[in-house]
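Here's the structure, in structure tokens; my notes come after.
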Amino acid sequence: MFMGEFLHTIDNKGRLIIPAKFRELLGNKSFITKGMEDCLFLYPENGWLDFVEKLKQLPVSQTRAREFTRLFFSSAAECEFDKQGRILVPANLRERAFLEKDVVVVGVMDRIEVWDSLKWREYSTNAAQNYEDDAESLAAMGLMI
């Protein structure tokens with residue numbers, strides 16, 4: 001399981017060091033794509049394939065399903081680690097997520113999220129205001145202990 005928050009930098013060539021404990025969980029092949037709220041999602045191969053199978057179940061006849069899958073897959077790229085444990089984040093994804101230098105690599109259960117550090121700080125500060133309400137909503141659905 002991916003968890004934790006790590007501060008890193010992305011170099012001018014778009015290379016980003018992935019924390020060692022995350023690299024172990026990612027394995028040899030991973031996939032990066034557009035995420036939500038201006039971040040990127042990074043999946044291990046098995047998690048990627050599981051999600052792809054779920055997306056295949058979406059009806060092509062629904063506009064929202066077509067829109068989502070088009071954007072999700074058109075921005076996706078396979079990642080390989082170099083000897084320093086870095087991945088190359090494609091320019092189009094760096095631009096979409098506003099990644100220039102300081103980034104935050106966040107573990108979120110089955111995936112990793114890559115955020116611009118200022119955007120992460122803003123997002124997490126705002127989301128923290130809803131934390132208790134979110135927990136209450138999850139409890140109402142039977143999802144909290």
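Ordering of the structure tokens sets the chain letters (A, B, ...); residue numbers start at 1 within each chain; ligands are numbered from 1 in the order shown.
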Exercise for the section: Using DSSP on the backbone, list every residue of chain A that comes out as strand (DSSP E or B), and give them as a ChimeraX atom specification. Expected result: /A:2-10,15-17,30-34,40-44,77-79,86-88,102-109,111-116
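Surrounding segment 79-83 of chain A within 8 Å are Asn28, Lys29, Ser30, Phe31, Ile32, Ile87 and Leu88 of chain A, with only C-alpha atoms counted and residues fewer than 4 positions along the same chain left out.
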Practice task
Output as an MDAnalysis selection string all residues of segment 51-100 of chain A that backbone DSSP marks as helix (DSSP H, G or I).
Solution key: chainID A and resid 51:56 63:74 91:96
Fill in the blank from the handout: Nearest to Arg23 of chain A, restricted to only C-alpha atoms and choosing among A:Gln84, A:Gln57, A:Thr69, A:Gln62, comes out as A:Gln84
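Straight-line separation from atom CA of Phe6 of chain A to atom CA of Val106 of chain A: 6.4 Å.
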Handout entry: Nearest candidate to Gly14 of chain A (options A:Asp110, A:Glu100, A:Glu45, A:Asp134; using only C-alpha atoms)
Key = A:Glu100
Problem - Pick from A:Leu7, A:Val52, A:Met1, A:Leu40 nearest to Glu95 of chain A, counting only C-alpha atoms - result: A:Leu40
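Nearest residue to Val104 of chain A, choosing from A:Asp50, A:Asn12, A:Asp133, A:Pro19 and counting only C-alpha atoms: A:Pro19.
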Exercise for the section: Using atom CA of Ala128 of chain A and atom CA of Phe51 of chain A as the two end points, give the distance in Å to one decimal. Expected result: 27.4 Å
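Across A:Ile112, A:Leu93, A:Ile17, A:Leu58, the tightest approach to Ser75 of chain A is made by A:Leu93 when counting only C-alpha atoms.
For the residues A:Leu118, A:Gly107, A:Glu113, A:Gly35, ranking by smallest atom-to-atom distance to Ala76 of chain A using only C-alpha atoms places A:Gly35 first.
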